[in-house]
>>> print(open('upload_22.cif').read())   # mmCIF, C-alpha atoms
data_model
#
loop_
_atom_site.label_atom_id
_atom_site.label_comp_id
_atom_site.auth_asym_id
_atom_site.auth_seq_id
_atom_site.Cartn_x
_atom_site.Cartn_y
_atom_site.Cartn_z
CA MET A 119 12.15 20.31 15.66
CA ILE A 120 9.79 19.22 12.87
CA ASN A 121 6.92 17.26 14.38
CA VAL A 122 5.29 14.96 11.80
CA PHE A 123 1.94 13.43 12.75
CA ILE A 124 0.94 10.48 10.57
CA VAL A 125 -2.75 9.52 10.60
CA GLY A 126 -4.73 7.09 8.46
CA SER A 127 -2.82 3.85 9.05
CA LYS A 128 -3.75 1.25 11.67
CA GLY A 129 -0.41 1.78 13.35
CA ILE A 130 2.98 0.20 13.88
CA PRO A 131 4.58 -2.26 14.13
CA ALA A 132 3.00 -3.27 10.83
CA ARG A 133 0.99 -6.46 10.68
CA TYR A 134 -0.68 -6.28 7.30
CA GLY A 135 -1.32 -3.49 4.82
CA GLY A 136 0.54 -1.02 2.66
CA PHE A 137 0.16 2.08 4.84
CA GLU A 138 1.34 0.27 7.95
CA THR A 139 4.39 -1.16 6.19
CA PHE A 140 5.21 2.28 4.76
CA VAL A 141 5.04 3.98 8.17
CA GLU A 142 7.20 1.32 9.83
CA ASP A 143 9.80 1.62 7.07
CA LEU A 144 9.76 5.41 7.36
CA VAL A 145 10.50 5.51 11.10
CA SER A 146 12.89 2.54 10.93
CA HIS A 147 15.17 4.30 8.43
CA GLN A 148 15.10 7.76 10.00
CA LYS A 149 18.40 9.62 9.70
CA ASN A 150 17.36 13.22 10.37
CA ASN A 151 17.37 13.90 14.12
CA ASN A 152 15.50 17.17 13.58
CA ILE A 153 12.32 15.22 12.75
CA LYS A 154 10.06 13.67 15.39
CA TYR A 155 7.40 11.21 14.20
CA TYR A 156 4.04 10.71 15.89
CA VAL A 157 1.93 7.82 14.58
CA SER A 158 -1.77 7.28 15.30
CA CYS A 159 -2.52 3.65 16.16
CA VAL A 160 -5.69 1.66 16.62
CA GLY A 161 -6.18 0.74 20.28
CA ASP A 162 -7.09 1.92 23.76
CA GLY A 163 -3.84 1.15 25.57
CA LYS A 164 -1.08 3.51 26.67
CA ASP A 165 1.00 5.46 24.18
CA TYR A 166 4.33 3.81 23.39
CA ASP A 167 7.64 4.33 21.62
CA PHE A 168 8.58 2.46 18.45
CA LYS A 169 12.07 3.08 17.10
CA GLY A 170 11.95 6.69 18.26
CA ALA A 171 8.42 7.42 17.03
CA THR A 172 5.69 8.21 19.55
CA CYS A 173 2.74 5.93 18.85
CA PHE A 174 -0.48 7.35 20.27
CA ASN A 175 -3.46 5.05 20.58
CA VAL A 176 -6.93 6.14 19.48
CA PRO A 177 -9.92 4.07 20.69
CA ILE A 178 -12.08 3.42 17.65
CA LYS A 179 -15.41 2.09 16.60
CA LYS A 180 -15.39 -1.26 14.80
CA ASP A 181 -12.76 -1.06 12.07
CA SER A 182 -14.76 -1.11 8.85
CA ALA A 183 -15.00 0.94 5.68
CA LYS A 184 -18.12 2.59 7.10
CA ASN A 185 -16.38 3.71 10.30
CA ARG A 186 -12.98 4.56 8.83
CA MET A 187 -13.71 8.27 8.43
CA PHE A 188 -14.78 8.58 12.08
CA ASN A 189 -11.72 6.66 13.27
CA VAL A 190 -9.32 8.89 11.34
CA PHE A 191 -11.18 11.99 12.54
CA ALA A 192 -10.68 10.78 16.13
CA ALA A 193 -6.95 10.49 15.35
CA LEU A 194 -6.94 14.08 14.06
CA LYS A 195 -8.58 15.31 17.26
CA ARG A 196 -5.96 13.51 19.32
CA THR A 197 -3.29 15.06 17.09
CA LYS A 198 -4.73 18.51 17.78
CA ALA A 199 -4.53 17.87 21.53
CA ILE A 200 -0.88 16.76 21.35
CA ILE A 201 0.09 19.80 19.27
CA LYS A 202 -1.63 22.12 21.75
CA GLY A 203 0.40 20.51 24.53
CA ILE A 204 3.68 21.00 22.67
CA LYS A 205 2.85 24.64 21.91
CA LYS A 206 2.48 25.35 25.65
CA ASP A 207 6.12 24.38 26.18
CA LYS A 208 8.15 27.62 26.01
CA ASN A 209 11.27 25.64 25.17
CA ARG A 210 9.62 24.44 21.94
CA LYS A 211 8.34 27.74 20.57
CA ASP A 212 10.31 27.23 17.33
CA ASP A 213 8.86 23.76 16.65
CA LYS A 214 7.09 23.18 13.34
CA PHE A 215 4.16 20.86 12.68
CA ILE A 216 3.01 18.66 9.80
CA VAL A 217 -0.05 16.43 9.73
CA TYR A 218 0.36 13.75 7.06
CA ILE A 219 -3.00 12.13 6.18
CA LEU A 220 -2.91 8.72 4.51
CA GLY A 221 -6.02 7.92 2.46
CA CYS A 222 -9.06 10.03 1.67
CA ARG A 223 -11.80 8.63 3.93
CA VAL A 224 -11.74 11.52 6.44
CA GLY A 225 -12.22 14.17 3.76
CA VAL A 226 -15.95 14.55 4.44
CA LEU A 227 -15.27 15.48 8.07
CA PHE A 228 -12.00 17.32 7.64
CA PRO A 229 -13.53 20.81 7.21
CA LEU A 230 -14.71 20.53 10.85
CA ILE A 231 -11.11 20.67 12.09
CA ARG A 232 -9.29 22.34 9.20
CA ARG A 233 -9.62 25.89 10.52
CA TRP A 234 -7.75 25.13 13.76
CA PHE A 235 -4.80 23.61 11.90
CA ARG A 236 -4.59 26.57 9.54
CA LYS A 237 -4.83 29.10 12.37
CA ASN A 238 -1.97 27.39 14.21
CA HIS A 239 0.31 27.14 11.16
CA VAL A 240 0.08 23.35 10.95
CA ILE A 241 0.95 22.11 7.45
CA ILE A 242 -1.43 19.53 5.99
CA ALA A 243 0.03 16.97 3.61
CA PHE A 244 -2.20 14.35 2.00
CA ASN A 245 -1.48 11.04 0.28
CA PRO A 246 -4.58 10.05 -1.76
CA ASP A 247 -3.33 6.45 -2.18
CA GLY A 248 -4.44 6.10 -5.78
CA MET A 249 -7.96 6.63 -7.07
CA GLU A 250 -9.82 5.09 -4.15
CA TRP A 251 -13.24 5.89 -5.62
CA MET A 252 -12.54 3.58 -8.59
CA ARG A 253 -12.60 0.45 -6.43
CA THR A 254 -15.38 -1.95 -7.41
CA LYS A 255 -16.50 -2.61 -3.84
CA TRP A 256 -18.33 0.73 -3.69
CA ASN A 257 -21.92 1.22 -4.82
CA PHE A 258 -22.93 4.38 -6.71
CA TRP A 259 -23.44 6.58 -3.65
CA GLN A 260 -20.39 5.27 -1.82
CA THR A 261 -18.30 6.03 -4.90
CA LYS A 262 -19.60 9.61 -4.94
CA ILE A 263 -18.87 10.06 -1.22
CA VAL A 264 -15.31 8.73 -1.57
CA GLU A 265 -14.72 10.90 -4.65
CA TYR A 266 -16.05 13.95 -2.78
CA SER A 267 -13.89 13.08 0.23
CA GLU A 268 -10.81 12.92 -1.99
CA SER A 269 -11.60 16.29 -3.54
CA GLN A 270 -12.09 17.93 -0.11
CA LEU A 271 -8.70 16.78 1.14
CA ILE A 272 -6.94 17.75 -2.08
CA LYS A 273 -8.43 21.23 -1.90
CA SER A 274 -7.77 21.58 1.85
CA SER A 275 -4.17 20.35 1.92
CA ASN A 276 -1.07 22.48 1.58
CA TYR A 277 0.81 19.68 -0.17
CA LEU A 278 0.01 16.39 -1.86
CA VAL A 279 2.21 13.30 -1.99
CA CYS A 280 1.54 10.81 -4.78
CA ASP A 281 3.09 7.36 -4.74
CA SER A 282 3.11 7.08 -8.54
CA GLN A 283 3.76 9.50 -11.38
CA ALA A 284 0.46 8.49 -13.00
CA ILE A 285 -1.52 9.51 -9.91
CA ARG A 286 0.44 12.75 -9.73
CA GLU A 287 -0.42 13.63 -13.34
CA TYR A 288 -4.08 12.82 -12.72
CA ILE A 289 -4.27 15.16 -9.71
CA LYS A 290 -2.38 17.96 -11.46
CA SER A 291 -4.76 17.72 -14.42
CA GLU A 292 -7.99 17.20 -12.44
CA TYR A 293 -7.38 19.78 -9.71
CA GLY A 294 -5.04 22.29 -11.32
CA LYS A 295 -2.12 21.59 -9.00
CA ASP A 296 1.46 22.34 -10.01
CA ASP A 297 4.74 20.55 -9.28
CA SER A 298 5.46 22.65 -6.19
CA GLN A 299 2.19 21.52 -4.58
CA CYS A 300 2.22 17.90 -5.68
CA ALA A 301 5.23 15.71 -4.89
CA PHE A 302 6.03 12.23 -6.15
CA ILE A 303 7.40 9.87 -3.49
CA ALA A 304 6.81 6.16 -4.04
CA TYR A 305 6.49 3.47 -1.41
CA GLY A 306 9.67 1.66 -0.53
CA VAL A 307 10.70 -1.88 0.33
CA GLU A 308 13.75 -3.48 1.91
CA LYS A 309 16.34 -4.41 -0.73
CA ASP A 310 17.25 -7.58 1.16
CA PRO A 311 14.27 -8.51 3.36
CA GLU A 312 14.63 -11.05 6.13
CA VAL A 313 13.50 -14.51 5.07
CA ALA A 314 12.25 -17.38 7.22
CA SER A 315 14.51 -20.41 7.62
CA PRO A 316 14.26 -23.30 5.14
CA ALA A 317 12.75 -25.43 7.91
CA GLU A 318 9.99 -22.87 8.55
CA PHE A 319 9.20 -22.60 4.86
CA ASP A 320 9.21 -26.39 4.41
CA ALA A 321 6.80 -26.83 7.32
CA TRP A 322 4.37 -24.32 5.76
CA ALA A 323 4.72 -25.78 2.24
CA LYS A 324 4.23 -29.35 3.42
CA GLY A 325 0.89 -28.40 4.94
CA PHE A 326 -0.42 -27.42 1.50
CA GLN A 327 1.50 -30.00 -0.54
CA ILE A 328 3.54 -27.27 -2.22
CA GLU A 329 6.98 -27.91 -3.67
CA LYS A 330 9.77 -25.35 -3.34
CA GLY A 331 10.41 -23.44 -6.57
CA ASN A 332 7.51 -25.12 -8.33
CA TYR A 333 4.47 -22.88 -7.91
CA TYR A 334 2.96 -19.68 -9.24
CA LEU A 335 2.05 -17.17 -6.53
CA VAL A 336 -0.58 -14.47 -5.99
CA VAL A 337 -0.65 -12.25 -2.87
CA GLY A 338 -3.19 -9.51 -2.19
CA ARG A 339 -6.56 -8.48 -0.82
CA PHE A 340 -9.43 -10.57 -2.11
CA VAL A 341 -11.28 -7.89 -4.07
CA PRO A 342 -12.49 -7.87 -7.71
CA GLU A 343 -10.18 -5.07 -8.88
CA ASN A 344 -7.21 -7.34 -8.19
CA ASN A 345 -8.42 -9.50 -11.09
CA TYR A 346 -8.71 -12.83 -9.29
CA GLU A 347 -11.38 -14.04 -11.69
CA LEU A 348 -9.18 -13.28 -14.69
CA ILE A 349 -6.09 -14.85 -13.13
CA ILE A 350 -7.82 -18.06 -12.06
CA SER A 351 -9.74 -18.54 -15.31
CA GLU A 352 -6.61 -17.96 -17.41
CA PHE A 353 -4.53 -20.21 -15.18
CA MET A 354 -7.07 -22.99 -15.66
CA LYS A 355 -6.64 -22.59 -19.44
CA SER A 356 -2.87 -22.90 -19.22
CA LYS A 357 -0.97 -26.14 -19.71
CA THR A 358 1.25 -25.82 -16.64
CA SER A 359 1.32 -28.66 -14.15
CA LYS A 360 2.40 -26.29 -11.38
CA PRO A 361 -0.13 -25.08 -8.78
CA LEU A 362 -1.38 -21.53 -8.36
CA VAL A 363 -0.88 -20.59 -4.69
CA ILE A 364 -3.21 -17.77 -3.64
CA ILE A 365 -2.48 -15.97 -0.37
CA THR A 366 -5.48 -13.81 0.45
CA ASN A 367 -8.29 -13.16 2.92
CA HIS A 368 -10.87 -15.30 1.11
CA GLU A 369 -12.48 -16.98 4.10
CA GLY A 370 -16.00 -15.72 4.74
CA ASN A 371 -15.81 -13.54 1.64
CA ASN A 372 -18.85 -13.77 -0.64
CA PHE A 373 -16.66 -13.00 -3.65
CA TYR A 374 -15.04 -16.41 -3.09
CA ASN A 375 -18.40 -18.16 -3.45
CA VAL A 376 -19.16 -16.15 -6.58
CA LEU A 377 -15.91 -17.29 -8.19
CA LYS A 378 -16.51 -20.90 -7.15
CA THR A 379 -19.86 -20.79 -8.94
CA ASN A 380 -18.57 -18.95 -12.01
CA LEU A 381 -15.28 -20.77 -12.52
CA LYS A 382 -15.76 -24.13 -10.76
CA PHE A 383 -12.08 -23.92 -9.84
CA GLU A 384 -12.50 -26.55 -7.10
CA ASN A 385 -12.39 -29.09 -9.96
CA ASP A 386 -8.85 -27.97 -10.81
CA LYS A 387 -6.44 -29.30 -8.18
CA ARG A 388 -3.83 -26.74 -9.25
CA ILE A 389 -5.82 -23.89 -7.68
CA LYS A 390 -4.80 -23.59 -4.02
CA PHE A 391 -6.31 -20.96 -1.72
CA VAL A 392 -4.08 -21.09 1.37
CA GLY A 393 -5.46 -18.20 3.46
CA THR A 394 -3.38 -15.34 4.84
CA VAL A 395 0.23 -15.23 6.04
CA TYR A 396 0.96 -12.50 8.60
CA ASP A 397 4.55 -13.57 9.36
CA HIS A 398 6.64 -11.20 7.21
CA LYS A 399 9.67 -13.48 7.13
CA LEU A 400 7.61 -16.49 6.10
CA LEU A 401 5.82 -14.48 3.42
CA ALA A 402 9.20 -13.33 2.11
CA ALA A 403 10.36 -16.96 1.92
CA ILE A 404 7.18 -17.91 0.05
CA ARG A 405 7.85 -15.16 -2.49
CA ALA A 406 11.52 -16.08 -2.83
CA ASN A 407 10.72 -19.74 -3.48
CA ALA A 408 8.02 -19.13 -6.09
CA PHE A 409 8.50 -20.19 -9.71
CA ALA A 410 6.83 -16.92 -10.74
CA TYR A 411 4.61 -14.21 -9.26
CA ILE A 412 1.31 -13.02 -10.79
CA HIS A 413 0.12 -9.51 -9.92
CA GLY A 414 -3.41 -8.53 -10.97
CA HIS A 415 -3.88 -5.20 -9.18
CA SER A 416 -5.56 -2.68 -11.47
CA VAL A 417 -6.36 0.28 -9.19
CA GLY A 418 -4.05 2.54 -7.23
CA GLY A 419 -0.47 3.64 -7.55
CA THR A 420 2.71 1.92 -6.43
CA ASN A 421 1.56 -1.27 -4.75
CA PRO A 422 3.69 -2.45 -1.78
CA SER A 423 3.01 -6.13 -2.45
CA LEU A 424 4.38 -5.68 -5.98
CA LEU A 425 7.54 -4.06 -4.63
CA GLU A 426 7.97 -6.94 -2.20
CA ALA A 427 7.58 -9.42 -5.07
CA LEU A 428 10.17 -7.62 -7.22
CA SER A 429 12.67 -7.69 -4.37
CA LEU A 430 12.40 -11.48 -4.05
CA THR A 431 10.86 -13.17 -7.10
CA LYS A 432 12.80 -13.71 -10.32
CA ILE A 433 9.85 -13.70 -12.76
CA ASN A 434 6.86 -11.40 -12.36
CA LEU A 435 3.75 -11.37 -14.56
CA LEU A 436 1.88 -8.08 -14.11
CA PHE A 437 -1.54 -6.85 -15.20
CA ASP A 438 -0.87 -4.22 -17.86
CA VAL A 439 -1.87 -0.88 -16.35
CA VAL A 440 0.20 2.29 -16.14
CA PHE A 441 0.85 1.92 -12.39
CA ASN A 442 2.38 -1.54 -12.77
CA ARG A 443 4.36 -0.58 -15.90
CA GLU A 444 5.80 2.37 -14.03
CA VAL A 445 7.18 0.05 -11.35
CA GLY A 446 8.24 -2.97 -13.39
CA GLU A 447 9.34 -1.31 -16.64
CA GLU A 448 11.26 -3.81 -18.80
CA GLU A 449 12.13 -6.16 -15.94
CA CYS A 450 8.67 -7.79 -15.85
CA MET A 451 6.20 -9.31 -18.29
CA TYR A 452 2.63 -8.07 -18.79
CA PHE A 453 -0.81 -9.50 -19.52
CA SER A 454 -4.14 -7.96 -20.45
CA LYS A 455 -7.79 -8.99 -20.15
CA ASP A 456 -7.71 -10.42 -23.66
CA ASP A 457 -8.60 -14.09 -23.87
CA GLY A 458 -5.43 -16.18 -23.71
CA SER A 459 -3.11 -13.30 -22.78
CA LEU A 460 -2.17 -14.59 -19.34
CA SER A 461 -2.50 -18.31 -20.12
CA SER A 462 -0.03 -18.00 -23.02
CA LEU A 463 2.31 -15.98 -20.79
CA ILE A 464 2.19 -18.77 -18.19
CA ASP A 465 2.94 -21.41 -20.83
CA ASN A 466 5.81 -19.30 -22.13
CA THR A 467 7.17 -18.92 -18.60
CA ASP A 468 7.05 -22.69 -18.12
CA ALA A 469 8.87 -23.32 -21.40
CA ASN A 470 11.52 -20.58 -21.08
CA HIS A 471 12.03 -20.14 -17.35
CA GLU A 472 15.82 -20.40 -17.35
CA ASP A 473 16.21 -17.98 -20.24
CA LEU A 474 13.79 -15.49 -18.68
CA THR A 475 15.54 -15.52 -15.29
CA SER A 476 18.79 -14.62 -17.02
CA LYS A 477 17.18 -11.73 -18.92
CA LEU A 478 14.87 -10.23 -16.27
CA HIS A 479 16.30 -8.46 -13.23
CA PRO A 480 13.32 -7.15 -11.24
CA LYS A 481 15.37 -6.47 -8.11
CA SER A 482 17.27 -3.80 -10.05
CA ARG A 483 14.07 -1.73 -10.01
CA ILE A 484 14.07 -1.84 -6.20
CA GLU A 485 17.75 -0.98 -5.95
CA LYS A 486 17.34 1.95 -8.32
CA CYS A 487 14.06 3.54 -7.25
CA TYR A 488 12.25 1.84 -4.37
CA GLY A 489 14.66 0.98 -1.54
CA SER A 490 13.22 1.80 1.92
CA GLU A 491 16.24 3.83 2.99
CA TYR A 492 16.15 5.87 -0.22
CA ILE A 493 12.41 6.58 0.15
CA ALA A 494 12.76 7.53 3.83
CA GLY A 495 15.45 10.01 2.83
CA LYS A 496 13.18 11.56 0.18
CA TYR A 497 10.48 12.04 2.81
CA GLU A 498 12.88 13.68 5.25
CA ARG A 499 13.98 16.15 2.58
CA PHE A 500 10.33 16.78 1.66
CA PHE A 501 9.37 17.51 5.29
CA GLU A 502 12.28 19.92 5.64
CA GLU A 503 11.45 21.72 2.39
CA ILE A 504 7.76 22.29 3.16
CA THR A 505 8.51 23.69 6.64
CA SER A 506 11.40 25.90 5.56
CA GLY A 507 9.22 29.01 5.28
CA VAL A 508 7.00 28.39 8.30
CA LYS A 509 7.45 30.74 11.25
#
>>> encode(input="upload_22.cif", output="C-alpha cells")
Amino acid sequence: MINVFIVGSKGIPARYGGFETFVEDLVSHQKNNNIKYYVSCVGDGKDYDFKGATCFNVPIKKDSAKNRMFNVFAALKRTKAIIKGIKKDKNRKDDKFIVYILGCRVGVLFPLIRRWFRKNHVIIAFNPDGMEWMRTKWNFWQTKIVEYSESQLIKSSNYLVCDSQAIREYIKSEYGKDDSQCAFIAYGVEKDPEVASPAEFDAWAKGFQIEKGNYYLVVGRFVPENNYELIISEFMKSKTSKPLVIITNHEGNNFYNVLKTNLKFENDKRIKFVGTVYDHKLLAAIRANAFAYIHGHSVGGTNPSLLEALSLTKINLLFDVVFNREVGEEECMYFSKDDGSLSSLIDNTDANHEDLTSKLHPKSRIEKCYGSEYIAGKYERFFEEITSGVK
C-alpha cells in the first residue's frame, strides 16, 4: 500500500481555495486501490472518512499568513505519529509512505522534522504553488522569509511537482533540478461541473439587479496581484453598457478603500462588488451565464479559478502572462497593462460576441489537458513511480 499524506490545505470537503479543490478532486477520482490518501484538515474534531480518504484534524492557531507555517508544521507532526502507528503493524511492513506538502510556508521549520522522515524512508514531495514570494502583500522581510522557505523545501524534498511548465522551468534553472526530480502536473477541473438550477441563479441575480448572459465577470481573491485596479479602471473606460460583476472577499479589506479613493468607481453604476459565493453549483451557474470572464491573475502557475472559467464561460479575457497563456493558448484573448488594452478588448467583445463564441472553444483546453479525472490519474502514476524503488 502506498500511503500518501497531503498537508498544506485547509482540508476537505473543499469550501474555497485552490488547494482544497485540488485535494477533493484527487480523492474523488481515485482509481488505484493500492493508494491510501490521508488529508490534514483544520479543526479539533474527530478524524473522519471522505470518499475513502482519512481526514485527520489538526487543532491550529488562528488561521492567518503569520500562523500558517506553525499550522502546517503541526500537521507534519501528526503525520509522523500516524506513520509510526502504521509501521508498528506487522501486516503492513511493506507499506510505502509519501508526504506531499502543498505550499512553501512550512519551509523555515521543516528542517526540524526532516531527519525523521529521511531515516524512516518517507518520500517528501513538494508543490511550491507558483512563486509565492512574488506576491505584493509581503513586505521586504516577509518576502525574504517566504523565498527562503521555498528554497528550504525545494532542497529538502525528494521530488517537486509544478502545476505549470513555466514554474517547472524556473525551478530547474534556479535550483539545478532535472526532469526526473521535477514533475509537471497541472491542477484539474470537472469537464461538466454541476450547475445550480435556473431558479437558484435567478434568485441570486435578482438580488444584485444582474441580467442573465449580460454581464462581465471577475472571480478571485481581492489582492493587488490579481490586477483589480487595472481591470476596474479599464472597464470604466470602455463603452459597454453591461455591468462588471466582481465576486471577491472585499468586505473589510483596506485595498477596497484604496481603490475607491483612487478610481472613484462608486460613481460608475456598472461596477458591482457582490461579495463571495461559497456554493460551488451557484458559482458555476454564475460563470456559465456570464457574457465574458475577465482574469487578472499575474502570479502563480495554473490557477483553478481560470480552469473553472474555461470549463463554463464562452469568452475569456486573460491578463497576458506566461502562466495564463499556457492554459488558454489560442482559445482565449489577452490584455496587457498598456493603456486601453483591456478597454478596447471589452469593446471588441461587445461588438463581435457572436463571432467570437463561434471561433473560441475554451472548454477544449479542459478536455485536452485539465480534466480532473485525467489529472488524478497522472498523480496516481507519479506516486507509483516515485515509490517503485523504495524498500
>>> resolve_selection(input="upload_22.cif", expression="the PyMOL selection byres ((chain A and resi 454-463) around 12)", output="VMD selection string")
chain A and resid 345 to 358 410 to 416 433 to 440 442 450 to 453 464 to 471 474
>>> atom_distance(input="upload_22.cif", atom1="atom CA of Phe244 of chain A", atom2="atom CA of Lys206 of chain A")
26.5 Å
>>> residues_around(input="upload_22.cif", residues="Gly489 of chain A", least_positions_apart="3", cutoff="7 Å", atoms="all atoms listed in the file", output="ChimeraX atom specification")
/A:306-309,484-485,492-493
>>> atom_distance(input="upload_22.cif", atom1="atom CA of Ala314 of chain A", atom2="atom CA of His398 of chain A")
8.3 Å
>>> atom_distance(input="upload_22.cif", atom1="atom CA of Lys477 of chain A", atom2="atom CA of Leu335 of chain A")
20.3 Å
>>> residues_near_point(input="upload_22.cif", point="(-2.5, 27.3, 2.0)", cutoff="9 Å", atoms="all atoms listed in the file", output="compact mmCIF listing (two decimals) with C-alpha atoms, in the frame of the given file")
# COMPACT_ATOMS: atom_id res chain seq x y z
CA ARG A 236 -4.59 26.57 9.54
CA ILE A 241 0.95 22.11 7.45
CA ILE A 242 -1.43 19.53 5.99
CA SER A 274 -7.77 21.58 1.85
CA SER A 275 -4.17 20.35 1.92
CA ASN A 276 -1.07 22.48 1.58
CA TYR A 277 0.81 19.68 -0.17
>>> residues_near_point(input="upload_22.cif", point="(-3.8, -25.3, -9.9)", cutoff="9 Å", atoms="all atoms listed in the file", output="list of chain:residue names")
A:Tyr333, A:Tyr334, A:Ile350, A:Phe353, A:Met354, A:Thr358, A:Ser359, A:Lys360, A:Pro361, A:Leu362, A:Val363, A:Phe383, A:Asp386, A:Lys387, A:Arg388, A:Ile389, A:Lys390
>>> closest_residue(input="upload_22.cif", among="A:Ala406, A:Ile231, A:Ala427, A:Cys280", to="Lys330 of chain A", atoms="only C-alpha atoms")
A:Ala406
>>> resolve_selection(input="upload_22.cif", expression="the PyMOL selection byres ((chain A and resi 153) around 12)", output="PyMOL selection string")
chain A and resi 119-123+144-145+148-152+154-156+170-172+213-216+494-495+497-502+505
>>> residues_around(input="upload_22.cif", residues="Asp165 of chain A", least_positions_apart="2", cutoff="7 Å", atoms="only C-alpha atoms", output="PyMOL selection string")
chain A and resi 163+173-175
